[in-house]
$ cat upload-v2.tsv   # TSV, C-alpha atoms
chain	number	residue	atom	x	y	z
A	275	MET	CA	-7.91	-35.30	-1.06
A	276	ILE	CA	-4.44	-33.91	-0.33
A	277	PRO	CA	-3.81	-30.13	-0.14
A	278	VAL	CA	-2.10	-29.91	-3.54
A	279	GLU	CA	-5.14	-31.46	-5.23
A	280	ARG	CA	-7.49	-29.06	-3.44
A	281	HIS	CA	-5.33	-26.11	-4.46
A	282	GLN	CA	-5.45	-27.21	-8.09
A	283	GLN	CA	-9.23	-27.52	-7.99
A	284	ILE	CA	-9.63	-24.13	-6.30
A	285	LEU	CA	-7.42	-22.50	-8.94
A	286	ALA	CA	-9.35	-24.22	-11.75
A	287	LEU	CA	-12.70	-23.00	-10.39
A	288	VAL	CA	-11.44	-19.46	-9.88
A	289	ALA	CA	-9.94	-19.40	-13.38
A	290	GLU	CA	-13.26	-20.58	-14.82
A	291	ARG	CA	-15.61	-18.40	-12.77
A	292	GLY	CA	-13.54	-15.41	-11.64
A	293	VAL	CA	-15.08	-15.43	-8.13
A	294	VAL	CA	-16.06	-18.49	-6.07
A	295	SER	CA	-17.68	-18.47	-2.63
A	296	ILE	CA	-16.14	-20.25	0.37
A	297	ALA	CA	-19.46	-22.08	0.86
A	298	GLU	CA	-19.35	-23.52	-2.65
A	299	LEU	CA	-15.73	-24.60	-2.26
A	300	THR	CA	-16.47	-26.44	1.00
A	301	GLU	CA	-19.39	-28.25	-0.63
A	302	ARG	CA	-17.60	-29.19	-3.83
A	303	LEU	CA	-14.39	-30.30	-2.13
A	304	GLY	CA	-16.06	-31.92	0.86
A	305	VAL	CA	-13.96	-30.23	3.54
A	306	SER	CA	-14.56	-27.74	6.36
A	307	HIS	CA	-14.68	-23.96	6.07
A	308	MET	CA	-11.49	-23.82	8.15
A	309	THR	CA	-9.66	-26.09	5.69
A	310	ILE	CA	-10.77	-24.02	2.70
A	311	ARG	CA	-9.72	-20.80	4.40
A	312	ARG	CA	-6.28	-22.27	5.10
A	313	ASP	CA	-6.04	-23.32	1.45
A	314	VAL	CA	-7.06	-19.87	0.27
A	315	GLN	CA	-4.55	-18.23	2.62
A	316	LYS	CA	-1.78	-20.43	1.23
A	317	LEU	CA	-2.73	-19.62	-2.37
A	318	GLU	CA	-2.95	-15.93	-1.52
A	319	GLU	CA	0.55	-16.02	-0.03
A	320	GLN	CA	1.72	-17.46	-3.36
A	321	GLY	CA	0.04	-14.61	-5.21
A	322	ALA	CA	-2.35	-16.94	-7.04
A	323	VAL	CA	-5.68	-15.63	-5.67
A	324	LEU	CA	-7.15	-12.83	-3.58
A	325	SER	CA	-9.62	-13.14	-0.73
A	326	VAL	CA	-12.86	-11.19	-1.03
A	327	SER	CA	-15.81	-11.00	1.35
A	328	GLY	CA	-17.17	-14.56	1.59
A	329	GLY	CA	-15.05	-15.95	-1.21
A	330	VAL	CA	-11.97	-15.89	-3.38
A	331	ARG	CA	-11.15	-14.45	-6.80
A	332	SER	CA	-8.36	-14.47	-9.34
A	333	ALA	CA	-5.52	-12.07	-8.59
A	334	ASP	CA	-4.90	-8.88	-10.57
A	335	ARG	CA	-1.11	-8.90	-10.73
A	336	LEU	CA	0.99	-5.79	-11.31
A	337	ALA	CA	4.00	-6.87	-13.37
A	338	ALA	CA	5.74	-3.49	-13.46
A	339	GLU	CA	5.03	-0.14	-11.87
A	340	PRO	CA	4.07	2.77	-14.15
A	341	SER	CA	6.58	5.61	-14.38
A	342	HIS	CA	6.23	8.74	-12.26
A	343	LEU	CA	5.16	10.69	-15.34
A	344	ALA	CA	2.41	8.18	-16.18
A	345	LYS	CA	1.10	8.14	-12.61
A	346	THR	CA	0.94	11.93	-12.31
A	347	SER	CA	-2.24	12.20	-14.38
A	348	MET	CA	-3.97	9.12	-12.92
A	349	TYR	CA	-6.69	9.60	-10.25
A	350	SER	CA	-5.48	13.13	-9.53
A	351	ASN	CA	-8.71	14.24	-7.80
A	352	GLU	CA	-8.65	11.23	-5.47
A	353	LYS	CA	-4.99	11.82	-4.64
A	354	MET	CA	-5.67	15.49	-3.92
A	355	ALA	CA	-8.49	14.58	-1.51
A	356	ILE	CA	-6.25	12.06	0.25
A	357	GLY	CA	-3.44	14.60	0.52
A	358	GLN	CA	-5.73	17.30	1.89
A	359	PHE	CA	-7.14	15.02	4.58
A	360	ALA	CA	-3.71	13.79	5.65
A	361	ALA	CA	-2.27	17.32	5.80
A	362	ARG	CA	-5.00	18.48	8.21
A	363	HIS	CA	-3.95	15.85	10.74
A	364	ILE	CA	-0.21	16.52	10.97
A	365	PRO	CA	0.59	18.12	14.35
A	366	ARG	CA	2.89	21.14	14.49
A	367	ASN	CA	6.62	20.52	14.79
A	368	SER	CA	6.33	16.93	13.59
A	369	CYS	CA	9.02	14.91	11.85
A	370	ILE	CA	7.30	13.10	8.99
A	371	TYR	CA	8.37	10.69	6.27
A	372	LEU	CA	6.92	11.00	2.75
A	373	ASP	CA	7.42	7.82	0.78
A	374	ALA	CA	8.04	8.10	-2.96
A	375	GLY	CA	4.85	8.41	-4.99
A	376	THR	CA	2.33	10.74	-6.57
A	377	THR	CA	-0.16	10.45	-3.68
A	378	THR	CA	2.50	11.50	-1.19
A	379	LEU	CA	3.41	14.27	-3.67
A	380	ALA	CA	-0.21	15.44	-3.40
A	381	LEU	CA	0.28	15.60	0.37
A	382	ALA	CA	3.53	17.52	-0.06
A	383	ARG	CA	1.69	20.16	-2.09
A	384	GLU	CA	-0.59	20.72	0.91
A	385	LEU	CA	2.42	21.48	3.14
A	386	LEU	CA	3.91	24.40	1.23
A	387	GLU	CA	2.67	26.94	3.80
A	388	ARG	CA	4.09	24.97	6.73
A	389	ASP	CA	7.44	26.01	8.20
A	390	ASP	CA	7.30	23.90	11.36
A	391	LEU	CA	7.91	20.44	9.89
A	392	LEU	CA	10.96	18.28	9.34
A	393	VAL	CA	10.24	16.24	6.22
A	394	VAL	CA	12.20	13.10	5.34
A	395	THR	CA	11.71	11.64	1.87
A	396	ASN	CA	13.28	9.33	-0.70
A	397	ASP	CA	11.41	11.10	-3.53
A	398	PHE	CA	13.34	13.61	-5.65
A	399	VAL	CA	10.22	15.38	-6.93
A	400	ILE	CA	8.91	15.91	-3.38
A	401	ALA	CA	12.36	17.04	-2.20
A	402	ARG	CA	12.63	19.61	-5.00
A	403	LEU	CA	9.10	20.92	-4.44
A	404	LEU	CA	9.64	21.43	-0.71
A	405	MET	CA	13.17	22.79	-1.17
A	406	GLU	CA	12.00	25.46	-3.62
A	407	SER	CA	8.52	26.32	-2.32
A	408	SER	CA	8.27	25.64	1.42
A	409	GLY	CA	9.87	26.58	4.72
A	410	CYS	CA	10.09	22.97	5.90
A	411	LYS	CA	13.36	21.47	7.01
A	412	LEU	CA	14.25	18.65	4.65
A	413	ILE	CA	16.22	15.39	4.65
A	414	HIS	CA	16.62	13.22	1.57
A	415	THR	CA	17.54	9.60	2.26
A	416	GLY	CA	19.94	9.17	-0.63
A	417	GLY	CA	20.47	5.66	-1.96
A	418	THR	CA	20.30	3.91	-5.32
A	419	VAL	CA	18.48	6.07	-7.86
A	420	CYS	CA	15.35	4.68	-9.53
A	421	ARG	CA	15.01	6.89	-12.60
A	422	GLU	CA	11.53	5.76	-13.62
A	423	ASN	CA	10.02	6.70	-10.28
A	424	ARG	CA	12.41	9.54	-9.46
A	425	SER	CA	13.27	8.15	-6.06
A	426	SER	CA	15.96	6.42	-4.02
A	427	VAL	CA	15.60	2.74	-3.17
A	428	GLY	CA	17.61	-0.13	-1.72
A	429	GLU	CA	19.61	-0.79	1.43
A	430	ALA	CA	21.48	2.53	1.46
A	431	ALA	CA	18.20	4.48	1.62
A	432	ALA	CA	16.95	2.09	4.31
A	433	ARG	CA	20.09	2.55	6.43
A	434	SER	CA	19.65	6.32	6.25
A	435	LEU	CA	16.09	5.99	7.56
A	436	ARG	CA	17.13	3.69	10.40
A	437	MET	CA	19.27	6.49	11.87
A	438	LEU	CA	16.18	8.67	12.41
A	439	ALA	CA	13.19	8.86	14.76
A	440	ILE	CA	10.05	9.78	12.79
A	441	ASP	CA	6.67	10.78	14.20
A	442	ILE	CA	4.48	9.84	11.21
A	443	ALA	CA	5.39	7.84	8.12
A	444	PHE	CA	3.13	8.35	5.11
A	445	ILE	CA	3.74	5.26	3.01
A	446	SER	CA	2.61	4.75	-0.57
A	447	ALA	CA	1.69	1.53	-2.38
A	448	SER	CA	2.03	0.18	-5.91
A	449	CYS	CA	-0.92	-2.04	-5.03
A	450	TRP	CA	-2.48	-3.34	-1.83
A	451	GLY	CA	-5.13	-5.57	-0.32
A	452	PRO	CA	-6.26	-7.10	2.97
A	453	ARG	CA	-2.92	-8.85	3.39
A	454	GLY	CA	-0.75	-5.79	2.86
A	455	LEU	CA	1.26	-3.63	0.45
A	456	TYR	CA	2.84	-5.15	-2.64
A	457	THR	CA	5.46	-3.94	-5.09
A	458	PRO	CA	6.96	-5.40	-8.29
A	459	ASP	CA	10.30	-3.77	-7.33
A	460	GLU	CA	12.22	-5.68	-4.66
A	461	ASP	CA	14.47	-2.67	-3.94
A	462	LYS	CA	11.51	-0.72	-2.53
A	463	VAL	CA	10.86	-3.28	0.22
A	464	PRO	CA	13.74	-2.39	2.61
A	465	VAL	CA	12.88	1.31	2.40
A	466	LYS	CA	9.24	0.77	3.37
A	467	LEU	CA	10.25	-1.63	6.14
A	468	ALA	CA	12.75	0.85	7.57
A	469	ALA	CA	10.24	3.73	7.45
A	470	SER	CA	7.73	1.56	9.28
A	471	ASP	CA	10.23	0.45	11.92
A	472	VAL	CA	11.45	3.92	12.91
A	473	SER	CA	8.06	5.69	12.96
A	474	SER	CA	5.69	6.15	15.88
A	475	LYS	CA	2.68	6.18	13.55
A	476	ARG	CA	2.28	4.62	10.10
A	477	VAL	CA	-0.28	5.86	7.57
A	478	LEU	CA	-1.04	4.30	4.19
A	479	LEU	CA	-1.85	6.77	1.42
A	480	SER	CA	-3.25	5.08	-1.68
A	481	ASP	CA	-6.16	5.59	-4.03
A	482	SER	CA	-8.74	2.82	-4.31
A	483	SER	CA	-7.79	1.84	-7.88
A	484	LYS	CA	-4.79	0.01	-6.39
A	485	TYR	CA	-6.87	-1.98	-3.89
A	486	ASN	CA	-7.18	-5.78	-4.22
A	487	LYS	CA	-4.24	-6.05	-6.60
A	488	ILE	CA	-0.95	-7.79	-5.95
A	489	ALA	CA	2.64	-7.80	-7.16
A	490	THR	CA	5.57	-10.13	-6.60
A	491	HIS	CA	6.86	-8.73	-3.30
A	492	LEU	CA	4.91	-8.19	-0.09
A	493	ALA	CA	6.44	-5.00	1.30
A	494	LEU	CA	4.45	-4.55	4.53
A	495	PRO	CA	1.55	-6.37	6.17
A	496	LEU	CA	-1.52	-4.19	6.64
A	497	GLU	CA	-1.35	-4.81	10.41
A	498	ARG	CA	1.71	-2.51	10.52
A	499	PHE	CA	-0.51	0.51	9.85
A	500	ASP	CA	-2.39	2.71	12.27
A	501	THR	CA	-4.44	4.46	9.57
A	502	LEU	CA	-5.43	3.71	5.96
A	503	ILE	CA	-6.40	6.75	3.89
A	504	THR	CA	-7.97	6.01	0.52
A	505	ASP	CA	-10.87	7.55	-1.44
A	506	THR	CA	-14.65	7.21	-1.52
A	507	GLU	CA	-14.56	5.01	-4.63
A	508	LEU	CA	-13.42	2.04	-2.55
A	509	SER	CA	-15.74	-0.87	-3.24
A	510	LYS	CA	-18.42	-1.98	-0.79
A	511	SER	CA	-16.64	-5.29	-0.20
A	512	GLY	CA	-13.39	-3.40	0.36
A	513	ARG	CA	-15.04	-1.15	2.94
A	514	GLU	CA	-16.52	-4.14	4.76
A	515	THR	CA	-13.22	-6.05	4.79
A	516	LEU	CA	-11.04	-3.13	5.83
A	517	SER	CA	-13.47	-1.80	8.45
A	518	ALA	CA	-12.95	-5.03	10.39
A	519	GLY	CA	-9.22	-4.40	10.86
A	520	SER	CA	-7.31	-2.95	13.81
A	521	TRP	CA	-6.50	0.26	11.91
A	522	GLU	CA	-8.55	3.40	11.26
A	523	LEU	CA	-10.03	3.45	7.75
A	524	VAL	CA	-10.54	6.90	6.20
A	525	LEU	CA	-12.34	7.53	2.91
A	526	ALA	CA	-11.29	10.98	1.73
A	527	GLY	CA	-13.35	12.88	-0.79

$ encode --input "upload-v2.tsv" --output "structure tokens"
Amino acid sequence: MIPVERHQQILALVAERGVVSIAELTERLGVSHMTIRRDVQKLEEQGAVLSVSGGVRSADRLAAEPSHLAKTSMYSNEKMAIGQFAARHIPRNSCIYLDAGTTTLALARELLERDDLLVVTNDFVIARLLMESSGCKLIHTGGTVCRENRSSVGEAAARSLRMLAIDIAFISASCWGPRGLYTPDEDKVPVKLAASDVSSKRVLLSDSSKYNKIATHLALPLERFDTLITDTELSKSGRETLSAGSWELVLAG
């Protein structure tokens, strides 16, 4: 059986059952575990499926990101716990990057008493909060304005970041999984890449509701991160998968 035929059968089984184990796929298709894992990896790269512990399932695809206003009221307790944990581990006199998002906004709220930080952000809400209510030094990246998410995106924002040297980048995610961070908005990709490239340490801040979902564009592989901070509602399979990585996994709550 050629790879295309195997891929079609894998997709048909996943569509019918939702989740299928690697063991069952090897038995039904008559090939090795290694072959099935390569097939699954290829399908995952195409955004057709997602790997889970011991198997594969259909992908939850994010077609469009909710607006900033809609996200503000979602999972607010989890975001607050994530922000509080992250804030406690920022050394004095650091230069940090806060990516656009409501979880990074929760972190920004924990920094209002700090006057020793230089904060770089592409988020207008974060910039206004820190400008009006903190003693932090502040740099906004500029760039193309994304009204829905109240942030700057695109190559101009990325070029601004590439002129800096950042100690810690706190990067948000529309959705994420074992392979990395995804976004439905292509213009966000160069900004996240630039923030990752110019930072000594990279930290993902994202609540667990976004885990094991995908969107059209892979923004950053998970291997780029030193630390993943999510919440205690992360699934058991998610904990097992992510605990095996090279990064530090933190469940805040």

$ residues_around --input "upload-v2.tsv" --residues "range 437-439 of chain A" --least-positions-apart "2" --cutoff "7 Å" --atoms "all atoms listed in the file" --output "VMD selection string"
chain A and resid 433 to 435 441 472 to 473

$ closest_residue --input "upload-v2.tsv" --among "A:Thr506, A:Trp521, A:Gly328, A:Glu318" --to "Asn486 in chain A" --atoms "only C-alpha atoms"
A:Glu318

$ residues_around --input "upload-v2.tsv" --residues "Arg362 in chain A" --least-positions-apart "2" --cutoff "12 Å" --atoms "all atoms listed in the file" --output "JSON, numbers by chain"
{"A": [355, 356, 357, 358, 359, 360, 364, 365, 366, 381, 382, 384, 385, 388, 526]}

$ residues_around --input "upload-v2.tsv" --residues "Ala469 in chain A" --least-positions-apart "6" --cutoff "9 Å" --atoms "only C-alpha atoms" --output "number ranges by chain"
A: 371, 373, 432, 435-436, 440, 443-445, 476

$ atom_distance --input "upload-v2.tsv" --atom1 "CA of Gln283 in chain A" --atom2 "CA of Asp313 in chain A"
10.8 Å

$ closest_residue --input "upload-v2.tsv" --among "A:Leu523, A:Leu299, A:Ala286, A:Leu508" --to "Gly329 in chain A" --atoms "only C-alpha atoms"
A:Leu299

$ closest_residue --input "upload-v2.tsv" --among "A:Leu479, A:Leu317, A:Ala518, A:Val330" --to "Leu372 in chain A" --atoms "all atoms listed in the file"
A:Leu479

$ axis_aligned_box --input "upload-v2.tsv" --around "range 493-510 of chain A" --padding-each-side "4 Å" --output "lines of an AutoDock Vina configuration file"
center_x = -6.0
center_y = 0.6
center_z = 3.8
size_x = 32.9
size_y = 21.9
size_z = 24.9

$ build_atoms --input "upload-v2.tsv" --residues "range 425-438 of chain A" --atoms "N, CA, C and O atoms" --output "compact mmCIF listing (two decimals), in the frame of the given file"
# COMPACT_ATOMS: atom_id res chain seq x y z
N SER A 425 13.14 8.36 -7.51
CA SER A 425 13.27 8.15 -6.06
C SER A 425 14.54 7.38 -5.76
O SER A 425 15.22 6.89 -6.67
N SER A 426 14.86 7.26 -4.48
CA SER A 426 15.96 6.42 -4.02
C SER A 426 15.40 5.15 -3.40
O SER A 426 14.40 5.19 -2.69
N VAL A 427 16.06 4.03 -3.67
CA VAL A 427 15.60 2.74 -3.17
C VAL A 427 16.80 1.96 -2.64
O VAL A 427 17.94 2.42 -2.69
N GLY A 428 16.54 0.77 -2.11
CA GLY A 428 17.61 -0.13 -1.72
C GLY A 428 18.09 0.05 -0.28
O GLY A 428 17.57 0.84 0.49
N GLU A 429 19.13 -0.71 0.06
CA GLU A 429 19.61 -0.79 1.43
C GLU A 429 20.23 0.51 1.91
O GLU A 429 20.15 0.84 3.10
N ALA A 430 20.87 1.27 1.03
CA ALA A 430 21.48 2.53 1.46
C ALA A 430 20.42 3.52 1.94
O ALA A 430 20.58 4.18 2.96
N ALA A 431 19.31 3.61 1.20
CA ALA A 431 18.20 4.48 1.62
C ALA A 431 17.61 3.98 2.94
O ALA A 431 17.28 4.78 3.83
N ALA A 432 17.50 2.66 3.08
CA ALA A 432 16.95 2.09 4.31
C ALA A 432 17.85 2.37 5.50
O ALA A 432 17.37 2.71 6.59
N ARG A 433 19.16 2.27 5.32
CA ARG A 433 20.09 2.55 6.43
C ARG A 433 19.99 4.01 6.87
O ARG A 433 20.06 4.32 8.06
N SER A 434 19.82 4.89 5.91
CA SER A 434 19.65 6.32 6.25
C SER A 434 18.43 6.52 7.12
O SER A 434 18.47 7.26 8.12
N LEU A 435 17.33 5.86 6.79
CA LEU A 435 16.09 5.99 7.56
C LEU A 435 16.26 5.43 8.97
O LEU A 435 15.72 5.98 9.94
N ARG A 436 17.00 4.35 9.10
CA ARG A 436 17.13 3.69 10.40
C ARG A 436 17.94 4.52 11.41
O ARG A 436 17.98 4.19 12.59
N MET A 437 18.54 5.60 10.96
CA MET A 437 19.27 6.49 11.87
C MET A 437 18.37 7.59 12.43
O MET A 437 18.82 8.44 13.21
N LEU A 438 17.08 7.60 12.04
CA LEU A 438 16.18 8.67 12.41
C LEU A 438 15.07 8.18 13.35
O LEU A 438 14.83 6.98 13.47
